[in-house]
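The next block is model-v3.csv, given as CSV, C-alpha atoms and all ligand atoms.
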```csv
chain,number,residue,atom,x,y,z
A,9,MET,CA,25.1,38.6,-16.4
A,10,ILE,CA,24.8,35.1,-14.8
A,11,ASP,CA,27.9,33.2,-13.8
A,12,MET,CA,27.2,30.2,-16.0
A,13,LYS,CA,30.4,28.4,-15.2
A,14,SER,CA,29.6,28.4,-11.4
A,15,LEU,CA,26.0,27.4,-12.2
A,16,LEU,CA,27.2,24.4,-14.2
A,17,GLU,CA,29.7,23.5,-11.5
A,18,TYR,CA,26.9,23.6,-8.9
A,19,GLN,CA,24.8,21.3,-11.0
A,20,GLU,CA,27.7,18.9,-11.5
A,21,ILE,CA,28.4,18.6,-7.8
A,22,ASP,CA,24.7,18.2,-7.1
A,23,ALA,CA,24.4,15.4,-9.7
A,24,GLU,CA,27.4,13.7,-8.3
A,25,PHE,CA,26.0,13.9,-4.8
A,26,THR,CA,22.6,12.7,-5.9
A,27,GLU,CA,24.3,9.7,-7.6
A,28,PHE,CA,26.4,8.9,-4.6
A,29,ASP,CA,23.4,9.2,-2.3
A,30,LYS,CA,21.4,6.9,-4.5
A,31,LYS,CA,24.1,4.2,-4.5
A,32,LEU,CA,24.6,4.6,-0.8
A,33,LYS,CA,21.0,4.1,0.0
A,34,ASN,CA,19.8,1.7,-2.6
A,35,THR,CA,21.4,-1.4,-1.1
A,36,GLU,CA,20.4,-5.0,-1.0
A,37,THR,CA,19.5,-4.5,2.7
A,38,ARG,CA,17.1,-1.7,1.7
A,39,ARG,CA,15.5,-4.0,-0.9
A,40,GLN,CA,15.0,-6.6,1.8
A,41,MET,CA,13.6,-4.1,4.2
A,42,ASN,CA,11.0,-3.1,1.5
A,43,GLN,CA,10.2,-6.7,0.9
A,44,ARG,CA,9.5,-7.3,4.7
A,45,LYS,CA,7.4,-4.2,4.7
A,46,ARG,CA,5.3,-5.6,1.8
A,47,VAL,CA,4.9,-8.9,3.6
A,48,TYR,CA,3.9,-7.1,6.8
A,49,LYS,CA,1.3,-5.0,5.0
A,50,ALA,CA,-0.2,-7.9,3.1
A,51,ALA,CA,-0.5,-10.0,6.3
A,52,HIS,CA,-1.9,-7.0,8.1
A,53,ASP,CA,-4.6,-6.4,5.4
A,54,ARG,CA,-5.5,-10.1,5.3
A,55,LEU,CA,-5.8,-10.2,9.1
A,56,SER,CA,-8.2,-7.2,9.1
A,57,GLN,CA,-10.3,-8.9,6.4
A,58,LEU,CA,-10.5,-12.1,8.4
A,59,GLU,CA,-11.3,-10.2,11.6
A,60,GLN,CA,-14.2,-8.5,9.8
A,61,SER,CA,-15.5,-11.6,8.1
A,62,GLY,CA,-15.1,-13.4,11.5
A,63,ARG,CA,-17.4,-10.9,13.2
A,64,VAL,CA,-20.0,-11.4,10.4
A,65,LYS,CA,-19.7,-15.2,10.6
A,66,GLY,CA,-20.0,-15.1,14.4
A,67,ASP,CA,-23.3,-13.1,14.1
A,68,ARG,CA,-24.6,-15.5,11.5
A,69,ILE,CA,-23.8,-18.5,13.7
A,70,SER,CA,-25.6,-17.0,16.7
A,71,ASP,CA,-28.6,-16.2,14.4
A,72,LEU,CA,-28.7,-19.8,13.1
A,73,GLU,CA,-28.4,-21.2,16.6
A,74,LYS,CA,-31.5,-19.2,17.7
A,75,GLN,CA,-33.3,-20.6,14.6
A,76,TYR,CA,-32.2,-24.1,15.5
A,77,ALA,CA,-33.5,-23.7,19.1
A,78,SER,CA,-36.9,-22.4,17.9
A,79,LEU,CA,-37.2,-25.2,15.3
A,80,THR,CA,-36.4,-27.8,18.0
A,81,GLU,CA,-39.2,-26.3,20.1
A,82,ASP,CA,-41.6,-26.6,17.2
A,83,MET,CA,-40.6,-30.2,16.7
A,84,GLU,CA,-41.2,-30.9,20.4
A,85,ASP,CA,-44.6,-29.4,20.2
A,86,LEU,CA,-45.4,-31.5,17.2
A,87,GLU,CA,-44.2,-34.6,19.0
A,88,LYS,CA,-46.6,-33.8,21.9
A,89,ASP,CA,-49.5,-33.5,19.4
A,90,ILE,CA,-48.5,-36.8,17.8
A,91,SER,CA,-48.3,-38.6,21.1
A,92,TYR,CA,-51.7,-37.2,22.0
A,93,TYR,CA,-53.1,-38.5,18.8
A,94,SER,CA,-51.5,-41.9,19.2
A,95,GLU,CA,-53.7,-42.3,22.4
A,96,CYS,CA,-56.9,-41.5,20.5
A,97,SER,CA,-59.3,-44.1,19.4
A,98,ASP,CA,-59.7,-44.7,15.6
A,99,GLU,CA,-63.1,-42.8,15.5
A,100,GLU,CA,-61.5,-39.7,16.9
A,101,LEU,CA,-58.7,-39.5,14.3
A,102,ASP,CA,-58.9,-37.0,11.5
A,103,ALA,CA,-57.1,-38.1,8.4
A,104,ASP,CA,-56.5,-34.5,7.1
A,105,GLU,CA,-55.0,-33.4,10.4
A,106,ILE,CA,-52.7,-36.4,10.5
A,107,LYS,CA,-51.6,-35.7,6.9
A,108,GLN,CA,-50.9,-32.1,7.9
A,109,MET,CA,-48.9,-33.2,10.9
A,110,VAL,CA,-46.7,-35.4,8.7
A,111,VAL,CA,-46.1,-32.5,6.3
A,112,ASP,CA,-45.2,-30.2,9.2
A,113,ALA,CA,-42.9,-32.7,10.7
A,114,GLU,CA,-41.1,-33.2,7.4
A,115,ARG,CA,-40.8,-29.5,6.9
A,116,ILE,CA,-39.4,-28.8,10.4
A,117,TYR,CA,-37.1,-31.8,10.1
A,118,GLU,CA,-35.7,-30.5,6.8
A,119,SER,CA,-35.2,-27.0,8.2
A,120,ILE,CA,-33.4,-28.5,11.2
A,121,VAL,CA,-31.1,-30.5,9.0
A,122,SER,CA,-30.3,-27.5,6.8
A,123,VAL,CA,-29.7,-25.1,9.7
A,124,LYS,CA,-27.5,-27.6,11.4
A,125,LYS,CA,-25.5,-28.1,8.2
A,126,SER,CA,-25.0,-24.3,7.8
A,127,ILE,CA,-23.9,-24.0,11.5
A,128,SER,CA,-21.3,-26.7,11.2
A,129,GLN,CA,-20.1,-25.4,7.8
A,130,LEU,CA,-19.7,-21.9,9.4
A,131,LYS,CA,-18.0,-23.3,12.4
A,132,ALA,CA,-15.5,-25.2,10.3
A,133,GLU,CA,-14.8,-22.0,8.3
A,134,PHE,CA,-14.5,-20.1,11.6
A,135,SER,CA,-11.9,-22.4,13.0
A,136,GLU,CA,-10.0,-22.5,9.6
A,137,ASP,CA,-10.0,-18.7,9.7
A,138,ALA,CA,-8.7,-18.7,13.3
A,139,LYS,CA,-5.9,-21.0,12.3
A,140,ASN,CA,-5.0,-18.7,9.4
A,141,MET,CA,-5.1,-15.7,11.7
A,142,LYS,CA,-2.7,-17.3,14.1
A,143,ALA,CA,-0.3,-17.9,11.2
A,144,LEU,CA,-0.7,-14.3,10.0
A,145,LEU,CA,0.0,-12.9,13.5
A,146,LEU,CA,3.2,-14.9,13.5
A,147,LYS,CA,4.1,-13.5,10.1
A,148,LEU,CA,3.5,-10.0,11.3
A,149,LYS,CA,5.7,-10.6,14.3
A,150,THR,CA,8.5,-12.2,12.2
A,151,SER,CA,8.5,-9.7,9.4
A,152,ARG,CA,8.5,-6.8,11.9
A,153,ALA,CA,11.5,-8.3,13.8
A,154,GLU,CA,13.3,-9.0,10.6
A,155,PHE,CA,12.7,-5.5,9.4
A,156,GLU,CA,14.0,-4.0,12.6
A,157,GLU,CA,17.1,-6.1,12.3
A,158,LEU,CA,17.7,-5.1,8.7
A,159,LYS,CA,17.1,-1.5,9.7
A,160,VAL,CA,20.0,-1.5,12.2
A,161,GLN,CA,22.2,-3.0,9.5
A,162,TYR,CA,21.1,-0.5,7.0
A,163,GLU,CA,21.8,2.4,9.2
A,164,LYS,CA,25.3,1.1,9.7
A,165,GLU,CA,25.8,0.8,6.0
A,166,VAL,CA,24.5,4.4,5.4
A,167,ALA,CA,26.7,5.7,8.2
A,168,LEU,CA,29.8,4.4,6.3
A,169,GLY,CA,29.1,7.2,3.8
A,170,ASP,CA,28.8,9.9,6.5
A,171,GLU,CA,32.2,11.5,5.7
A,172,ASP,CA,31.6,11.6,2.0
A,173,VAL,CA,28.1,13.0,2.5
A,174,LYS,CA,29.6,15.8,4.7
A,175,SER,CA,32.2,16.6,2.1
A,176,PHE,CA,29.6,16.7,-0.7
A,177,GLU,CA,27.4,19.0,1.5
A,178,LYS,CA,30.3,21.3,2.0
A,179,ARG,CA,31.2,21.4,-1.7
A,180,LEU,CA,27.6,22.0,-2.6
A,181,LYS,CA,27.3,24.8,-0.1
A,182,ASP,CA,30.5,26.5,-1.3
A,183,ALA,CA,29.3,26.3,-4.9
A,184,GLU,CA,25.9,27.7,-3.8
A,185,LYS,CA,27.6,30.7,-2.2
A,186,LYS,CA,28.9,31.7,-5.7
A,187,LEU,CA,25.4,32.0,-7.0
A,188,PRO,CA,22.6,34.5,-6.5
A,189,ALA,CA,19.9,33.2,-4.2
A,190,GLU,CA,17.3,33.7,-6.9
A,191,ILE,CA,19.1,31.2,-9.2
A,192,VAL,CA,19.5,28.7,-6.5
A,193,SER,CA,15.9,28.8,-5.6
A,194,GLU,CA,14.8,28.4,-9.2
A,195,TYR,CA,17.3,25.6,-9.5
A,196,LYS,CA,15.7,23.8,-6.5
A,197,ARG,CA,12.2,24.5,-7.8
A,198,ILE,CA,12.9,23.0,-11.2
A,199,LYS,CA,14.7,20.0,-9.6
A,200,THR,CA,11.5,18.9,-7.9
A,201,LEU,CA,10.0,18.6,-11.4
A,202,LYS,CA,12.8,17.2,-13.5
A,203,PRO,CA,16.5,16.1,-13.2
A,204,ASN,CA,19.3,18.5,-14.2
A,205,PRO,CA,17.6,21.9,-14.0
A,206,VAL,CA,20.4,23.5,-16.0
A,207,ALA,CA,20.7,22.8,-19.7
A,208,LEU,CA,23.1,23.9,-22.4
A,209,PHE,CA,21.9,25.8,-25.4
A,210,LYS,CA,24.0,24.1,-28.1
A,211,ASP,CA,23.6,23.7,-31.8
A,212,SER,CA,20.3,25.7,-31.5
A,213,ARG,CA,18.9,23.1,-29.1
A,214,CYS,CA,18.2,22.8,-25.4
A,215,SER,CA,20.3,19.9,-24.2
A,216,GLY,CA,17.7,19.1,-21.6
A,217,CYS,CA,14.7,18.4,-23.9
A,218,ASN,CA,16.4,18.6,-27.3
A,219,MET,CA,14.0,21.1,-28.6
A,220,GLN,CA,15.1,23.5,-31.3
A,221,LEU,CA,14.9,27.1,-30.1
A,222,PRO,CA,14.8,30.4,-31.9
A,223,SER,CA,18.2,31.5,-33.3
A,224,ASN,CA,18.3,34.6,-31.2
A,225,THR,CA,18.2,32.5,-28.0
A,226,ALA,CA,22.0,32.6,-27.5
A,227,ALA,CA,22.0,36.4,-27.6
A,228,SER,CA,19.1,36.6,-25.2
A,229,ILE,CA,20.8,34.3,-22.7
A,230,SER,CA,24.0,36.4,-22.9
A,231,ALA,CA,22.1,39.6,-22.4
A,232,SER,CA,19.8,38.5,-19.6
A,233,ASP,CA,20.8,39.1,-16.0
A,234,LYS,CA,18.0,36.8,-14.9
A,235,PRO,CA,17.7,33.1,-15.4
A,236,TYR,CA,16.7,32.3,-19.0
A,237,PHE,CA,14.3,29.4,-19.2
A,238,CYS,CA,13.8,26.9,-22.0
A,239,GLU,CA,10.4,27.7,-23.4
A,240,ASN,CA,9.7,24.0,-23.8
A,241,CYS,CA,11.0,22.2,-20.7
A,242,GLY,CA,11.5,25.2,-18.3
A,243,ARG,CA,15.1,24.4,-17.5
A,244,ILE,CA,17.6,27.3,-17.0
A,245,LEU,CA,19.5,27.6,-20.2
A,246,VAL,CA,23.2,28.5,-20.2
A,247,LEU,CA,25.8,28.8,-23.0
A,248,PRO,CA,28.6,26.2,-23.4
A,249,GLN,CA,31.7,27.4,-21.5
A,250,GLU,CA,35.2,27.6,-23.1
B,301,ZN,ZN,14.4,22.4,-22.8
```

The structure given in the file should be rewritten as structure tokens.
Ligand SMILES: [Zn+2]
Amino acid sequence: MIDMKSLLEYQEIDAEFTEFDKKLKNTETRRQMNQRKRVYKAAHDRLSQLEQSGRVKGDRISDLEKQYASLTEDMEDLEKDISYYSECSDEELDADEIKQMVVDAERIYESIVSVKKSISQLKAEFSEDAKNMKALLLKLKTSRAEFEELKVQYEKEVALGDEDVKSFEKRLKDAEKKLPAEIVSEYKRIKTLKPNPVALFKDSRCSGCNMQLPSNTAASISASDKPYFCENCGRILVLPQE
């Protein structure tokens, strides 16, 4: 038969230890560390985004600059044609060709204006991004430095609990020694799934999940030399101790 008293004691110490550990570790300093971590991550993500879009913008600018150069060349060719025509006598002029030249000149001019506008827009964005990236780099540096500083402080805070932690560990180990290894390993397995792996069978219910269980459960628990699990929540059931 299972030593239910020792099992309950073990869980009590474990719960006390867990609570102590939680209080020891969930400090304001830790909250601040997490906050710096979030700031760092957000800045890092934004920076990666800007780097990527910066590469795309850089490529786009060099494409547009090539377009601009080729349009300027077209315009120069057209200007040469126009100056050639201006030297022609009236009889040699062809009205349709002149009309076409005017249309071409307008089209090229409009393209040049539009490409130039796009380039300067992109360059403005590019320099705005560069400014933002500089600020983000600073934020990365600051949040990291602050995090490291808080970490040192946090480690000191946690170290203050060292003695108590050791004493809890010893109590837990001693309590563990009183139990069969099989029970301890079941206990630890259930604990990864839910808190307080050991529950009382009381008033026909499991104290862990509050489910009503068959009336012969108490007898089955008493008779079993293996852990008896609640059929609903899977906790180890024990009977209330005197
Ligand atoms: Zn249960």

Given 6 Å and only C-alpha atoms and all ligand atoms, residues near ligand ZN 301 (chain B) as a PyMOL selection string
chain A and resi 214+216-217+219+238+240-241+243

Could you save the residues just selected, with C-alpha atoms, as an mmCIF file, keeping the file's coordinate frame?
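The resulting selection.cif:
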```cif
data_model
loop_
_atom_site.group_PDB
_atom_site.id
_atom_site.type_symbol
_atom_site.label_atom_id
_atom_site.label_comp_id
_atom_site.auth_asym_id
_atom_site.auth_seq_id
_atom_site.Cartn_x
_atom_site.Cartn_y
_atom_site.Cartn_z
ATOM 1 C CA CYS A 214 18.200 22.800 -25.400
ATOM 2 C CA GLY A 216 17.700 19.100 -21.600
ATOM 3 C CA CYS A 217 14.700 18.400 -23.900
ATOM 4 C CA MET A 219 14.000 21.100 -28.600
ATOM 5 C CA CYS A 238 13.800 26.900 -22.000
ATOM 6 C CA ASN A 240 9.700 24.000 -23.800
ATOM 7 C CA CYS A 241 11.000 22.200 -20.700
ATOM 8 C CA ARG A 243 15.100 24.400 -17.500
#
```

Exercise: range 61-63 of chain A partners within 12 Å, only C-alpha atoms, chain neighbours under 5 positions left out, as a list in words:
Arg54, Leu55, Ser56, Arg68, Ile69, Ser70, Leu130, Lys131, Ala132, Glu133, Phe134, Ser135, Glu136, Asp137, Ala138, Lys139, Asn140 and Met141 of chain A

Which residues are near range 24-32 of chain A? Cut-off 10 Å, all atoms listed in the file, ignore same chain within fewer than 3 positions. Put them as a ChimeraX atom specification.
/A:18-21,35,162,165-170,172-173,175-177,179-180

Print the selection's residues with C-alpha atoms to a file, as a PDB file, in the frame of the given file.
```pdb
ATOM      1  CA  TYR A  18      26.900  23.600  -8.900  1.00  0.00           C
ATOM      2  CA  GLN A  19      24.800  21.300 -11.000  1.00  0.00           C
ATOM      3  CA  GLU A  20      27.700  18.900 -11.500  1.00  0.00           C
ATOM      4  CA  ILE A  21      28.400  18.600  -7.800  1.00  0.00           C
ATOM      5  CA  THR A  35      21.400  -1.400  -1.100  1.00  0.00           C
ATOM      6  CA  TYR A 162      21.100  -0.500   7.000  1.00  0.00           C
ATOM      7  CA  GLU A 165      25.800   0.800   6.000  1.00  0.00           C
ATOM      8  CA  VAL A 166      24.500   4.400   5.400  1.00  0.00           C
ATOM      9  CA  ALA A 167      26.700   5.700   8.200  1.00  0.00           C
ATOM     10  CA  LEU A 168      29.800   4.400   6.300  1.00  0.00           C
ATOM     11  CA  GLY A 169      29.100   7.200   3.800  1.00  0.00           C
ATOM     12  CA  ASP A 170      28.800   9.900   6.500  1.00  0.00           C
ATOM     13  CA  ASP A 172      31.600  11.600   2.000  1.00  0.00           C
ATOM     14  CA  VAL A 173      28.100  13.000   2.500  1.00  0.00           C
ATOM     15  CA  SER A 175      32.200  16.600   2.100  1.00  0.00           C
ATOM     16  CA  PHE A 176      29.600  16.700  -0.700  1.00  0.00           C
ATOM     17  CA  GLU A 177      27.400  19.000   1.500  1.00  0.00           C
ATOM     18  CA  ARG A 179      31.200  21.400  -1.700  1.00  0.00           C
ATOM     19  CA  LEU A 180      27.600  22.000  -2.600  1.00  0.00           C
TER      20      LEU A 180
END
```

All residues 12 Å or closer to range 80-94 of chain A, all atoms listed in the file, same chain fewer than 4 positions away omitted, as a PyMOL selection string:
chain A and resi 73-76+98-103+105-121+123-124

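With all atoms listed in the file as the atoms that count, the residue of A:Ala207, A:Ala227, A:Val160, A:Leu145 with the shortest distance to Met12 in chain A is A:Ala207.
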
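Closest to Gly242 in chain A among A:Leu72, A:Ile191, A:Val206, A:Val47 is A:Val206, based on only C-alpha atoms.
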
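With CA of Lys149 in chain A on one side and CA of Ala51 in chain A on the other, the separation reads 10.1 Å.
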
Measuring between all atoms listed in the file, which one of A:Glu239, A:Ala50, A:Asn42, A:Leu148 shows the shortest distance to Asn218 in chain A?
A:Glu239

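With all atoms listed in the file as the basis for measurement, A:Leu58 is the residue among A:Ala189, A:Leu58, A:Leu247, A:Leu15 that approaches Leu144 in chain A most closely.
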
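The spacing separating CA of Glu36 in chain A from CA of Arg152 in chain A amounts to 17.6 Å.
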
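Nearest to Leu146 in chain A of all the residues A:Cys96, A:Leu208, A:His52, A:Glu171 is A:His52, based on only C-alpha atoms.
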
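Using all atoms listed in the file, the smallest distance between any of A:Ala226, A:Leu16, A:Val192, A:Ile127 and Asp67 in chain A comes from A:Ile127.
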
Interatomic distance, CA of Lys186 in chain A to CA of Asp22 in chain A (Å, one decimal):
14.2 Å

Tell me, as a ChimeraX atom specification, which residues lie within 12 Å of Lys234 in chain A, counting all atoms listed in the file; anything in the same chain fewer than 2 positions away does not count.
/A:9-12,187-192,194,228-232,236-237,244-246

Mind writing the picked residues with C-alpha atoms as a PDB file, in the coordinates of the input?
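Listed below is the output, selection-v3.pdb:
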```pdb
ATOM      1  CA  MET A   9      25.100  38.600 -16.400  1.00  0.00           C
ATOM      2  CA  ILE A  10      24.800  35.100 -14.800  1.00  0.00           C
ATOM      3  CA  ASP A  11      27.900  33.200 -13.800  1.00  0.00           C
ATOM      4  CA  MET A  12      27.200  30.200 -16.000  1.00  0.00           C
ATOM      5  CA  LEU A 187      25.400  32.000  -7.000  1.00  0.00           C
ATOM      6  CA  PRO A 188      22.600  34.500  -6.500  1.00  0.00           C
ATOM      7  CA  ALA A 189      19.900  33.200  -4.200  1.00  0.00           C
ATOM      8  CA  GLU A 190      17.300  33.700  -6.900  1.00  0.00           C
ATOM      9  CA  ILE A 191      19.100  31.200  -9.200  1.00  0.00           C
ATOM     10  CA  VAL A 192      19.500  28.700  -6.500  1.00  0.00           C
ATOM     11  CA  GLU A 194      14.800  28.400  -9.200  1.00  0.00           C
ATOM     12  CA  SER A 228      19.100  36.600 -25.200  1.00  0.00           C
ATOM     13  CA  ILE A 229      20.800  34.300 -22.700  1.00  0.00           C
ATOM     14  CA  SER A 230      24.000  36.400 -22.900  1.00  0.00           C
ATOM     15  CA  ALA A 231      22.100  39.600 -22.400  1.00  0.00           C
ATOM     16  CA  SER A 232      19.800  38.500 -19.600  1.00  0.00           C
ATOM     17  CA  TYR A 236      16.700  32.300 -19.000  1.00  0.00           C
ATOM     18  CA  PHE A 237      14.300  29.400 -19.200  1.00  0.00           C
ATOM     19  CA  ILE A 244      17.600  27.300 -17.000  1.00  0.00           C
ATOM     20  CA  LEU A 245      19.500  27.600 -20.200  1.00  0.00           C
ATOM     21  CA  VAL A 246      23.200  28.500 -20.200  1.00  0.00           C
TER      22      VAL A 246
END
```

Build an axis-aligned box that encloses every atom of range 69-83 of chain A listed in the file, pad it by 4 Å on each side, and report its centre and edge lengths in Å to one decimal, as AutoDock Vina command-line options.
```
--center_x -32.7 --center_y -23.2 --center_z 16.6 --size_x 25.8 --size_y 22.0 --size_z 15.0
```
